[in-house]
>>> print(open('protein.cif').read())   # mmCIF, C-alpha atoms
data_start
loop_
_atom_site.group_PDB
_atom_site.id
_atom_site.type_symbol
_atom_site.label_atom_id
_atom_site.label_comp_id
_atom_site.auth_asym_id
_atom_site.auth_seq_id
_atom_site.Cartn_x
_atom_site.Cartn_y
_atom_site.Cartn_z
ATOM 1 C CA MET A 1 80.836 -43.184 102.863
ATOM 2 C CA LEU A 2 78.996 -40.074 104.071
ATOM 3 C CA PRO A 3 79.598 -39.394 107.804
ATOM 4 C CA ASP A 4 76.658 -39.517 110.199
ATOM 5 C CA LEU A 5 74.788 -36.212 109.763
ATOM 6 C CA ASN A 6 74.124 -35.855 113.501
ATOM 7 C CA ARG A 7 77.864 -36.071 114.180
ATOM 8 C CA LEU A 8 78.506 -33.383 111.591
ATOM 9 C CA LYS A 9 75.966 -31.169 113.367
ATOM 10 C CA ILE A 10 77.740 -31.726 116.691
ATOM 11 C CA PHE A 11 81.113 -31.013 115.056
ATOM 12 C CA PHE A 12 79.666 -27.739 113.701
ATOM 13 C CA HIS A 13 78.739 -26.557 117.192
ATOM 14 C CA ILE A 14 82.020 -27.739 118.745
ATOM 15 C CA PHE A 15 83.876 -25.705 116.119
ATOM 16 C CA ASN A 16 81.766 -22.599 116.816
ATOM 17 C CA GLU A 17 82.128 -22.856 120.612
ATOM 18 C CA ARG A 18 85.684 -24.239 120.665
ATOM 19 C CA SER A 19 84.467 -26.352 123.562
ATOM 20 C CA SER A 20 82.658 -29.665 123.880
ATOM 21 C CA THR A 21 81.070 -28.487 127.125
ATOM 22 C CA LYS A 22 79.581 -25.343 125.575
ATOM 23 C CA ALA A 23 78.506 -27.312 122.487
ATOM 24 C CA ALA A 24 76.664 -29.731 124.797
ATOM 25 C CA GLN A 25 74.839 -26.803 126.398
ATOM 26 C CA VAL A 26 73.755 -25.463 123.001
ATOM 27 C CA LEU A 27 72.591 -28.904 121.879
ATOM 28 C CA HIS A 28 71.030 -29.847 125.240
ATOM 29 C CA ILE A 29 72.917 -33.116 125.490
ATOM 30 C CA THR A 30 75.664 -34.346 127.831
ATOM 31 C CA GLN A 31 79.285 -33.318 127.446
ATOM 32 C CA SER A 32 80.286 -36.995 127.339
ATOM 33 C CA GLY A 33 77.828 -37.561 124.488
ATOM 34 C CA VAL A 34 79.405 -34.709 122.511
ATOM 35 C CA SER A 35 82.886 -36.134 123.105
ATOM 36 C CA GLN A 36 81.808 -39.628 122.014
ATOM 37 C CA HIS A 37 80.265 -38.304 118.779
ATOM 38 C CA LEU A 38 83.421 -36.327 118.004
ATOM 39 C CA LYS A 39 85.584 -39.384 118.620
ATOM 40 C CA LYS A 40 83.458 -41.538 116.316
ATOM 41 C CA LEU A 41 83.508 -38.846 113.613
ATOM 42 C CA GLU A 42 87.308 -38.685 113.749
ATOM 43 C CA GLU A 43 87.399 -42.483 113.494
ATOM 44 C CA GLU A 44 85.088 -42.417 110.463
ATOM 45 C CA LEU A 45 87.237 -39.779 108.737
ATOM 46 C CA GLN A 46 90.473 -41.336 110.043
ATOM 47 C CA THR A 47 91.866 -37.939 110.969
ATOM 48 C CA GLN A 48 92.102 -35.610 113.980
ATOM 49 C CA LEU A 49 89.768 -32.594 113.809
ATOM 50 C CA PHE A 50 90.792 -30.703 116.965
ATOM 51 C CA THR A 51 93.861 -30.255 119.155
ATOM 52 C CA ARG A 52 93.339 -29.431 122.846
ATOM 53 C CA VAL A 53 95.297 -26.299 123.864
ATOM 54 C CA ASN A 54 94.790 -24.736 127.330
ATOM 55 C CA ARG A 55 91.337 -26.313 127.727
ATOM 56 C CA ARG A 56 90.268 -25.052 124.310
ATOM 57 C CA LEU A 57 89.697 -27.134 121.208
ATOM 58 C CA VAL A 58 91.734 -25.733 118.336
ATOM 59 C CA PRO A 59 90.715 -27.014 114.912
ATOM 60 C CA THR A 60 93.300 -28.773 112.791
ATOM 61 C CA ALA A 61 93.715 -27.970 109.081
ATOM 62 C CA THR A 62 91.368 -30.883 108.296
ATOM 63 C CA GLY A 63 88.904 -29.582 110.867
ATOM 64 C CA LYS A 64 88.867 -26.152 109.204
ATOM 65 C CA GLN A 65 88.388 -27.744 105.797
ATOM 66 C CA LEU A 66 85.468 -29.838 107.045
ATOM 67 C CA TYR A 67 83.893 -26.798 108.744
ATOM 68 C CA LYS A 68 83.787 -24.870 105.461
ATOM 69 C CA ILE A 69 81.739 -27.700 103.978
ATOM 70 C CA VAL A 70 79.464 -28.189 106.984
ATOM 71 C CA GLN A 71 78.964 -24.443 107.554
ATOM 72 C CA ASN A 72 77.422 -23.939 104.107
ATOM 73 C CA PHE A 73 75.164 -26.928 104.592
ATOM 74 C CA MET A 74 74.017 -25.856 108.073
ATOM 75 C CA ASN A 75 73.391 -22.258 107.034
ATOM 76 C CA ASP A 76 71.410 -23.328 103.970
ATOM 77 C CA LEU A 77 69.463 -25.848 106.033
ATOM 78 C CA GLU A 78 68.584 -23.248 108.669
ATOM 79 C CA HIS A 79 67.487 -20.772 105.984
ATOM 80 C CA GLU A 80 65.344 -23.292 104.129
ATOM 81 C CA VAL A 81 63.672 -24.567 107.318
ATOM 82 C CA ARG A 82 62.927 -20.971 108.284
ATOM 83 C CA GLN A 83 61.359 -20.467 104.837
ATOM 84 C CA ILE A 84 59.176 -23.514 105.396
ATOM 85 C CA ASN A 85 57.931 -22.032 108.645
ATOM 86 C CA VAL A 86 57.285 -18.682 106.975
ATOM 87 C CA GLY A 87 55.404 -20.461 104.182
ATOM 88 C CA LEU A 88 53.032 -21.976 106.733
ATOM 89 C CA GLU A 89 51.929 -18.479 107.766
ATOM 90 C CA THR A 90 51.998 -16.375 104.595
ATOM 91 C CA PRO A 91 52.279 -17.247 100.876
ATOM 92 C CA SER A 92 55.935 -17.635 99.917
ATOM 93 C CA GLY A 93 58.322 -19.937 98.109
ATOM 94 C CA PRO A 94 58.044 -21.630 94.714
ATOM 95 C CA LEU A 95 54.837 -22.501 92.877
ATOM 96 C CA ARG A 96 55.040 -25.172 90.168
ATOM 97 C CA ILE A 97 52.028 -24.795 87.895
ATOM 98 C CA GLY A 98 51.039 -26.334 84.550
ATOM 99 C CA ALA A 99 48.647 -25.000 81.937
ATOM 100 C CA PRO A 100 47.595 -25.393 78.279
ATOM 101 C CA THR A 101 49.938 -23.387 76.048
ATOM 102 C CA GLU A 102 47.578 -20.670 74.777
ATOM 103 C CA PHE A 103 45.664 -20.340 78.041
ATOM 104 C CA GLY A 104 48.868 -20.192 80.059
ATOM 105 C CA ASN A 105 50.569 -17.695 77.756
ATOM 106 C CA ILE A 106 47.639 -15.286 77.801
ATOM 107 C CA TYR A 107 46.447 -15.398 81.396
ATOM 108 C CA LEU A 108 48.987 -16.823 83.834
ATOM 109 C CA PRO A 109 51.886 -14.294 83.647
ATOM 110 C CA PRO A 110 49.768 -11.151 84.240
ATOM 111 C CA ILE A 111 47.683 -12.819 86.951
ATOM 112 C CA PHE A 112 50.808 -14.101 88.658
ATOM 113 C CA GLY A 113 52.200 -10.557 88.417
ATOM 114 C CA SER A 114 49.289 -9.132 90.412
ATOM 115 C CA PHE A 115 49.579 -12.020 92.892
ATOM 116 C CA ARG A 116 53.313 -11.425 93.403
ATOM 117 C CA ARG A 117 52.718 -7.757 94.096
ATOM 118 C CA LYS A 118 50.704 -8.910 97.096
ATOM 119 C CA TYR A 119 53.138 -11.696 98.040
ATOM 120 C CA PRO A 120 56.670 -10.841 96.798
ATOM 121 C CA GLY A 121 58.145 -13.945 98.401
ATOM 122 C CA VAL A 122 56.468 -16.249 95.862
ATOM 123 C CA THR A 123 58.140 -17.460 92.654
ATOM 124 C CA MET A 124 56.576 -19.416 89.801
ATOM 125 C CA GLN A 125 57.680 -22.239 87.538
ATOM 126 C CA LEU A 126 55.211 -22.446 84.638
ATOM 127 C CA GLU A 127 54.979 -25.529 82.421
ATOM 128 C CA LEU A 128 52.985 -25.183 79.193
ATOM 129 C CA GLN A 129 52.131 -28.637 77.847
ATOM 130 C CA GLU A 130 49.433 -30.853 76.407
ATOM 131 C CA PRO A 131 46.838 -32.328 78.831
ATOM 132 C CA LYS A 132 48.323 -35.840 78.958
ATOM 133 C CA ILE A 133 51.792 -34.526 79.812
ATOM 134 C CA LEU A 134 50.379 -32.170 82.450
ATOM 135 C CA PHE A 135 48.495 -35.049 84.103
ATOM 136 C CA GLU A 136 51.723 -37.075 84.132
ATOM 137 C CA MET A 137 53.637 -34.183 85.713
ATOM 138 C CA VAL A 138 50.993 -33.806 88.435
ATOM 139 C CA ALA A 139 51.083 -37.579 88.997
ATOM 140 C CA SER A 140 54.889 -37.615 89.341
ATOM 141 C CA GLY A 141 54.956 -34.642 91.718
ATOM 142 C CA GLU A 142 56.723 -32.351 89.241
ATOM 143 C CA LEU A 143 53.825 -29.882 89.492
ATOM 144 C CA ASP A 144 51.940 -28.690 92.563
ATOM 145 C CA PHE A 145 48.790 -28.463 90.444
ATOM 146 C CA SER A 146 47.799 -27.762 86.871
ATOM 147 C CA TYR A 147 45.086 -26.097 84.848
ATOM 148 C CA ILE A 148 44.098 -28.679 82.231
ATOM 149 C CA ASP A 149 41.634 -28.974 79.342
ATOM 150 C CA ILE A 150 39.126 -31.628 80.387
ATOM 151 C CA LEU A 151 37.639 -33.259 77.308
ATOM 152 C CA PRO A 152 36.467 -36.897 77.042
ATOM 153 C CA PHE A 153 39.332 -37.894 74.760
ATOM 154 C CA PHE A 154 41.875 -36.362 77.193
ATOM 155 C CA MET A 155 40.785 -38.442 80.202
ATOM 156 C CA ASP A 156 43.181 -41.406 79.796
ATOM 157 C CA THR A 157 45.188 -40.285 82.827
ATOM 158 C CA PRO A 158 47.787 -41.935 85.102
ATOM 159 C CA GLY A 159 45.847 -43.537 87.951
ATOM 160 C CA GLY A 160 42.507 -42.663 86.341
ATOM 161 C CA PRO A 161 40.397 -39.534 86.935
ATOM 162 C CA ALA A 162 39.340 -40.811 90.373
ATOM 163 C CA ALA A 163 42.876 -40.210 91.678
ATOM 164 C CA TYR A 164 42.571 -36.445 91.187
ATOM 165 C CA SER A 165 40.664 -33.482 92.479
ATOM 166 C CA ILE A 166 39.296 -31.829 89.323
ATOM 167 C CA GLU A 167 37.698 -28.452 89.976
ATOM 168 C CA PRO A 168 36.224 -26.597 86.955
ATOM 169 C CA VAL A 169 37.646 -23.102 86.520
ATOM 170 C CA VAL A 170 36.115 -21.868 83.272
ATOM 171 C CA ARG A 171 34.186 -23.198 80.285
ATOM 172 C CA GLU A 172 35.057 -22.225 76.725
ATOM 173 C CA GLU A 173 33.141 -22.823 73.511
ATOM 174 C CA PHE A 174 34.961 -24.496 70.654
ATOM 175 C CA VAL A 175 33.866 -22.945 67.367
ATOM 176 C CA LEU A 176 34.315 -24.188 63.801
ATOM 177 C CA ALA A 177 35.081 -21.058 61.805
ATOM 178 C CA CYS A 178 36.519 -19.805 58.543
ATOM 179 C CA SER A 179 37.213 -16.482 56.887
ATOM 180 C CA ARG A 180 34.382 -14.548 55.234
ATOM 181 C CA GLU A 181 35.995 -15.053 51.822
ATOM 182 C CA TYR A 182 36.391 -18.816 52.310
ATOM 183 C CA TYR A 183 32.807 -19.115 53.549
ATOM 184 C CA ARG A 184 31.429 -17.362 50.462
ATOM 185 C CA ALA A 185 33.577 -19.420 48.106
ATOM 186 C CA LYS A 186 33.467 -22.904 49.672
ATOM 187 C CA VAL A 187 30.661 -23.320 52.212
ATOM 188 C CA ALA A 188 27.677 -24.505 50.191
ATOM 189 C CA GLY A 189 25.598 -25.358 53.239
ATOM 190 C CA THR A 190 25.743 -26.472 56.854
ATOM 191 C CA GLY A 191 24.796 -30.133 56.420
ATOM 192 C CA TYR A 192 27.083 -33.027 57.330
ATOM 193 C CA ASP A 193 27.986 -34.029 53.758
ATOM 194 C CA GLN A 194 28.646 -30.420 52.747
ATOM 195 C CA LEU A 195 30.801 -29.525 55.734
ATOM 196 C CA LYS A 196 32.964 -32.652 55.810
ATOM 197 C CA LYS A 197 34.247 -31.777 52.311
ATOM 198 C CA LEU A 198 35.824 -28.502 53.462
ATOM 199 C CA ASP A 199 39.532 -27.854 53.808
ATOM 200 C CA PHE A 200 40.395 -28.044 57.500
ATOM 201 C CA ILE A 201 43.021 -26.393 59.665
ATOM 202 C CA GLY A 202 44.163 -28.948 62.238
ATOM 203 C CA TYR A 203 46.138 -29.082 65.453
ATOM 204 C CA LYS A 204 49.146 -31.416 65.077
ATOM 205 C CA LYS A 205 47.298 -33.757 62.649
ATOM 206 C CA ASP A 206 44.781 -34.565 65.411
ATOM 207 C CA ILE A 207 41.222 -34.736 64.072
ATOM 208 C CA ALA A 208 39.580 -35.802 67.367
ATOM 209 C CA LEU A 209 38.275 -32.290 68.016
ATOM 210 C CA PHE A 210 36.663 -32.179 64.545
ATOM 211 C CA GLN A 211 35.136 -35.606 65.144
ATOM 212 C CA SER A 212 33.667 -34.425 68.468
ATOM 213 C CA TRP A 213 32.235 -31.336 66.764
ATOM 214 C CA PHE A 214 30.593 -33.373 63.985
ATOM 215 C CA LYS A 215 29.274 -35.970 66.426
ATOM 216 C CA LEU A 216 27.699 -33.252 68.588
ATOM 217 C CA HIS A 217 25.893 -31.657 65.654
ATOM 218 C CA PHE A 218 25.137 -34.659 63.419
ATOM 219 C CA MET A 219 25.457 -37.760 65.646
ATOM 220 C CA ARG A 220 28.135 -39.117 63.337
ATOM 221 C CA GLU A 221 31.773 -38.323 62.687
ATOM 222 C CA PRO A 222 34.089 -38.455 59.671
ATOM 223 C CA GLN A 223 36.938 -40.929 59.828
ATOM 224 C CA GLN A 224 39.019 -38.772 57.503
ATOM 225 C CA ILE A 225 39.092 -35.079 56.627
ATOM 226 C CA ASP A 226 41.302 -32.988 54.360
ATOM 227 C CA LEU A 227 43.821 -31.057 56.429
ATOM 228 C CA SER A 228 45.056 -28.139 54.358
ATOM 229 C CA PHE A 229 47.094 -26.633 57.181
ATOM 230 C CA ILE A 230 48.514 -28.077 60.400
ATOM 231 C CA ALA A 231 49.582 -25.875 63.307
ATOM 232 C CA ASP A 232 50.826 -26.385 66.853
ATOM 233 C CA SER A 233 49.104 -23.439 68.532
ATOM 234 C CA SER A 234 45.685 -21.777 68.662
ATOM 235 C CA GLY A 235 47.258 -18.509 67.572
ATOM 236 C CA ALA A 236 48.536 -20.088 64.362
ATOM 237 C CA ILE A 237 45.143 -21.706 63.735
ATOM 238 C CA VAL A 238 43.400 -18.328 64.042
ATOM 239 C CA SER A 239 45.950 -16.780 61.652
ATOM 240 C CA ALA A 240 45.370 -19.581 59.133
ATOM 241 C CA ILE A 241 41.598 -19.088 59.401
ATOM 242 C CA LYS A 242 42.004 -15.366 58.707
ATOM 243 C CA ALA A 243 44.224 -16.208 55.728
ATOM 244 C CA GLY A 244 41.407 -18.235 54.163
ATOM 245 C CA LEU A 245 43.180 -21.609 54.329
ATOM 246 C CA GLY A 246 40.083 -23.468 55.470
ATOM 247 C CA ALA A 247 37.895 -24.091 58.510
ATOM 248 C CA GLY A 248 39.486 -24.526 61.913
ATOM 249 C CA ILE A 249 38.331 -25.126 65.460
ATOM 250 C CA THR A 250 39.499 -23.112 68.434
ATOM 251 C CA VAL A 251 38.000 -21.400 71.479
ATOM 252 C CA SER A 252 35.593 -18.618 70.600
ATOM 253 C CA HIS A 253 37.097 -15.870 72.744
ATOM 254 C CA LEU A 254 40.243 -15.893 70.608
ATOM 255 C CA MET A 255 38.100 -14.902 67.609
ATOM 256 C CA ASN A 256 35.194 -12.956 69.138
ATOM 257 C CA ARG A 257 36.325 -9.608 67.785
ATOM 258 C CA GLU A 258 36.747 -10.927 64.228
ATOM 259 C CA ILE A 259 33.432 -12.828 64.454
ATOM 260 C CA ASP A 260 31.649 -9.672 65.613
ATOM 261 C CA THR A 261 33.070 -7.667 62.688
ATOM 262 C CA GLY A 262 32.307 -10.412 60.165
ATOM 263 C CA GLN A 263 35.967 -11.024 59.263
ATOM 264 C CA ILE A 264 35.540 -14.590 60.538
ATOM 265 C CA ILE A 265 32.338 -16.624 60.183
ATOM 266 C CA ALA A 266 31.378 -19.072 62.938
ATOM 267 C CA ILE A 267 29.783 -22.169 61.407
ATOM 268 C CA ARG A 268 26.924 -23.248 63.684
ATOM 269 C CA PRO A 269 24.553 -25.896 62.256
ATOM 270 C CA GLY A 270 22.453 -25.794 65.430
ATOM 271 C CA THR A 271 22.243 -24.402 68.948
ATOM 272 C CA GLU A 272 24.468 -27.076 70.507
ATOM 273 C CA LYS A 273 27.883 -25.966 71.718
ATOM 274 C CA LEU A 274 31.074 -27.998 71.958
ATOM 275 C CA GLU A 275 32.539 -26.858 75.248
ATOM 276 C CA ASN A 276 35.951 -27.278 76.789
ATOM 277 C CA THR A 277 36.240 -27.137 80.559
ATOM 278 C CA ILE A 278 39.540 -25.946 81.970
ATOM 279 C CA SER A 279 39.904 -27.355 85.463
ATOM 280 C CA CYS A 280 42.371 -27.106 88.313
ATOM 281 C CA VAL A 281 43.833 -30.588 88.753
ATOM 282 C CA GLN A 282 45.749 -31.938 91.740
ATOM 283 C CA PHE A 283 45.938 -35.174 93.697
ATOM 284 C CA LYS A 284 42.719 -35.838 95.585
ATOM 285 C CA ASP A 285 44.455 -36.562 98.908
ATOM 286 C CA LYS A 286 46.979 -33.725 98.607
ATOM 287 C CA LYS A 287 46.638 -30.936 101.158
ATOM 288 C CA PRO A 288 47.369 -27.651 99.337
ATOM 289 C CA SER A 289 49.842 -25.279 100.949
ATOM 290 C CA ILE A 290 48.742 -21.802 101.989
ATOM 291 C CA THR A 291 50.600 -20.475 98.922
ATOM 292 C CA GLU A 292 48.790 -22.808 96.536
ATOM 293 C CA THR A 293 45.388 -22.039 98.056
ATOM 294 C CA ALA A 294 45.970 -18.276 97.984
ATOM 295 C CA PHE A 295 47.070 -18.354 94.340
ATOM 296 C CA GLN A 296 44.166 -20.521 93.202
ATOM 297 C CA GLU A 297 41.676 -18.141 94.836
ATOM 298 C CA HIS A 298 43.414 -15.081 93.371
ATOM 299 C CA PHE A 299 43.659 -16.705 89.947
ATOM 300 C CA LEU A 300 39.965 -17.567 89.869
ATOM 301 C CA LEU A 301 38.923 -14.020 90.745
ATOM 302 C CA GLU A 302 41.241 -12.403 88.195
ATOM 303 C CA LEU A 303 40.408 -14.918 85.465
ATOM 304 C CA ARG A 304 36.684 -14.378 85.814
ATOM 305 C CA LYS A 305 37.214 -10.616 85.536
ATOM 306 C CA ASN A 306 39.129 -11.132 82.281
ATOM 307 C CA TYR A 307 36.659 -13.649 80.881
ATOM 308 C CA ALA A 308 33.671 -11.473 81.765
ATOM 309 C CA LYS A 309 35.073 -8.826 79.435
ATOM 310 C CA LEU A 310 35.130 -11.434 76.657
ATOM 311 C CA GLY A 311 31.696 -12.856 77.403
ATOM 312 C CA VAL A 312 33.066 -16.240 78.488
ATOM 313 C CA ARG A 313 31.615 -18.171 81.434
#
>>> encode(input="protein.cif", output="structure tokens")
Amino acid sequence: MLPDLNRLKIFFHIFNERSSTKAAQVLHITQSGVSQHLKKLEEELQTQLFTRVNRRLVPTATGKQLYKIVQNFMNDLEHEVRQINVGLETPSGPLRIGAPTEFGNIYLPPIFGSFRRKYPGVTMQLELQEPKILFEMVASGELDFSYIDILPFFMDTPGGPAAYSIEPVVREEFVLACSREYYRAKVAGTGYDQLKKLDFIGYKKDIALFQSWFKLHFMREPQQIDLSFIADSSGAIVSAIKAGLGAGITVSHLMNREIDTGQIIAIRPGTEKLENTISCVQFKDKKPSITETAFQEHFLLELRKNYAKLGVR
């Protein structure tokens, strides 16, 4: 059984001072209290930890062995508590942040780099996952907060949306697009019946995004579509679109340059836009640390600078 931690602390100071009287002064307790704790610790361990020689306490071999263990623990504890105190005054320590894969890959490392140049004591653990998993990681305390795609079909969350603080960070337009060559060869028109017959480039066999797009523009959605290519990242979807494999949906800023040059054609039956809101998600009752607050403010400023260059709100 693990010895009483308070007794181990008292043993640590007795060892350092080689005196129960001096240890009592350091700990601001009575000398008799120190002696009683030492006696009980020796009884728990069933071994003698000190030998009294000329009014000094000389550690036994077992006492020295125990001190090596306790010393590491006490030093680490003191260091970590000091770090906590430092973290209350200036950003420092670990940040555990989640994000969608493409969004996180593109924006988080460089923005964290500029943040760390201001606050070198901060480290980051970045988790790139799907929205449902990110919500679960926030709910279980594995993440301090997360940037998450907030779409209606992603809102089946642990505890329900009401359990979280969900602050919008940026809005992105989802665009149905295809290559110029595919458009000329296969897109006969922009009506519902014409478009649902296209070859589609999907994300992990999930057609919910296509259904949302069709419902927005036509007030009805296909129950089945032909998936000619399935990918697990927005980058792969854009590559497949460029290769002429069909029509795919992804955020517009990943294709703006190709759309502007005409290499990729955005299919827009009307003026409506299917938007994705990326929000900062954390528990509603959670009080953010000074490090979390500082990063979120820095991230928002830097992100808006980057998005302004791409014409994204």
>>> residues_around(input="protein.cif", residues="His217 of chain A", least_positions_apart="6", cutoff="8 Å", atoms="all atoms listed in the file", output="JSON list (two decimals) with C-alpha atoms, in the coordinates of the input")
[["chain", "number", "residue", "atom", "x", "y", "z"],
["A", 269, "PRO", "CA", 24.55, -25.90, 62.26],
["A", 270, "GLY", "CA", 22.45, -25.79, 65.43],
["A", 272, "GLU", "CA", 24.47, -27.08, 70.51]]
>>> residues_around(input="protein.cif", residues="Glu44 of chain A", least_positions_apart="2", cutoff="10 Å", atoms="only C-alpha atoms", output="number ranges by chain")
A: 1-4, 38-42, 46-47
>>> residues_around(input="protein.cif", residues="Arg171 of chain A", least_positions_apart="2", cutoff="9 Å", atoms="only C-alpha atoms", output="PDB file with C-alpha atoms, in the coordinates of the input")
ATOM      1  CA  PRO A 168      36.224 -26.597  86.955  1.00  0.00           C
ATOM      2  CA  VAL A 169      37.646 -23.102  86.520  1.00  0.00           C
ATOM      3  CA  GLU A 173      33.141 -22.823  73.511  1.00  0.00           C
ATOM      4  CA  GLU A 275      32.539 -26.858  75.248  1.00  0.00           C
ATOM      5  CA  ASN A 276      35.951 -27.278  76.789  1.00  0.00           C
ATOM      6  CA  THR A 277      36.240 -27.137  80.559  1.00  0.00           C
ATOM      7  CA  ILE A 278      39.540 -25.946  81.970  1.00  0.00           C
ATOM      8  CA  SER A 279      39.904 -27.355  85.463  1.00  0.00           C
ATOM      9  CA  VAL A 312      33.066 -16.240  78.488  1.00  0.00           C
ATOM     10  CA  ARG A 313      31.615 -18.171  81.434  1.00  0.00           C
TER      11      ARG A 313
END
>>> resolve_selection(input="protein.cif", expression="the PyMOL selection byres ((chain A and resi 236-247) around 7)", output="JSON list (two decimals) with C-alpha atoms, in the coordinates of the input")
[["chain", "number", "residue", "atom", "x", "y", "z"],
["A", 176, "LEU", "CA", 34.32, -24.19, 63.80],
["A", 177, "ALA", "CA", 35.08, -21.06, 61.80],
["A", 178, "CYS", "CA", 36.52, -19.80, 58.54],
["A", 179, "SER", "CA", 37.21, -16.48, 56.89],
["A", 181, "GLU", "CA", 35.99, -15.05, 51.82],
["A", 182, "TYR", "CA", 36.39, -18.82, 52.31],
["A", 198, "LEU", "CA", 35.82, -28.50, 53.46],
["A", 199, "ASP", "CA", 39.53, -27.85, 53.81],
["A", 200, "PHE", "CA", 40.40, -28.04, 57.50],
["A", 201, "ILE", "CA", 43.02, -26.39, 59.66],
["A", 228, "SER", "CA", 45.06, -28.14, 54.36],
["A", 229, "PHE", "CA", 47.09, -26.63, 57.18],
["A", 231, "ALA", "CA", 49.58, -25.88, 63.31],
["A", 233, "SER", "CA", 49.10, -23.44, 68.53],
["A", 234, "SER", "CA", 45.68, -21.78, 68.66],
["A", 235, "GLY", "CA", 47.26, -18.51, 67.57],
["A", 248, "GLY", "CA", 39.49, -24.53, 61.91],
["A", 264, "ILE", "CA", 35.54, -14.59, 60.54]]
>>> atom_distance(input="protein.cif", atom1="atom CA of Gln125 of chain A", atom2="atom CA of Glu78 of chain A")
23.8 Å
>>> atom_distance(input="protein.cif", atom1="atom CA of Val281 of chain A", atom2="atom CA of Tyr147 of chain A")
6.1 Å
>>> axis_aligned_box(input="protein.cif", around="segment 31-41 of chain A", padding_each_side="3 Å", output="lines of an AutoDock Vina configuration file")
center_x = 81.7
center_y = -37.4
center_z = 120.5
size_x = 13.8
size_y = 14.2
size_z = 19.8
>>> closest_residue(input="protein.cif", among="A:Glu127, A:Asp260, A:Asp232, A:Glu89", to="Asp206 of chain A", atoms="only C-alpha atoms")
A:Asp232
>>> closest_residue(input="protein.cif", among="A:Ser165, A:Thr62, A:Thr30, A:Asn105", to="Pro288 of chain A", atoms="all atoms listed in the file")
A:Ser165
>>> decode(input="protein.cif", residues="segment 294-305 of chain A", atoms="N, CA, C and O atoms", output="compact mmCIF listing (two decimals), in the first residue's frame")
# COMPACT_ATOMS: atom_id res chain seq x y z
N ALA A 294 -5.54 33.65 -24.82
CA ALA A 294 -4.56 34.37 -25.65
C ALA A 294 -4.43 33.72 -27.02
O ALA A 294 -4.35 34.42 -28.05
N PHE A 295 -4.42 32.39 -27.08
CA PHE A 295 -4.27 31.72 -28.37
C PHE A 295 -5.51 31.94 -29.23
O PHE A 295 -5.39 32.19 -30.43
N GLN A 296 -6.69 31.82 -28.64
CA GLN A 296 -7.91 31.99 -29.42
C GLN A 296 -7.98 33.39 -30.04
O GLN A 296 -8.38 33.54 -31.19
N GLU A 297 -7.58 34.40 -29.28
CA GLU A 297 -7.58 35.77 -29.80
C GLU A 297 -6.55 35.93 -30.92
O GLU A 297 -6.83 36.52 -31.96
N HIS A 298 -5.36 35.37 -30.70
CA HIS A 298 -4.30 35.44 -31.71
C HIS A 298 -4.71 34.68 -32.98
O HIS A 298 -4.53 35.17 -34.10
N PHE A 299 -5.30 33.51 -32.78
CA PHE A 299 -5.71 32.68 -33.91
C PHE A 299 -6.74 33.39 -34.77
O PHE A 299 -6.67 33.39 -36.00
N LEU A 300 -7.71 34.02 -34.11
CA LEU A 300 -8.78 34.71 -34.84
C LEU A 300 -8.22 35.85 -35.68
O LEU A 300 -8.59 36.02 -36.85
N LEU A 301 -7.31 36.62 -35.12
CA LEU A 301 -6.70 37.72 -35.86
C LEU A 301 -5.91 37.23 -37.07
O LEU A 301 -6.05 37.74 -38.18
N GLU A 302 -5.08 36.21 -36.85
CA GLU A 302 -4.24 35.69 -37.93
C GLU A 302 -5.08 35.00 -39.00
O GLU A 302 -4.81 35.12 -40.20
N LEU A 303 -6.10 34.27 -38.57
CA LEU A 303 -6.95 33.55 -39.52
C LEU A 303 -7.69 34.52 -40.43
O LEU A 303 -7.79 34.30 -41.65
N ARG A 304 -8.20 35.58 -39.86
CA ARG A 304 -8.94 36.55 -40.67
C ARG A 304 -8.02 37.26 -41.66
O ARG A 304 -8.44 37.61 -42.76
N LYS A 305 -6.77 37.45 -41.28
CA LYS A 305 -5.80 38.02 -42.24
C LYS A 305 -5.62 37.07 -43.42
O LYS A 305 -5.64 37.48 -44.58
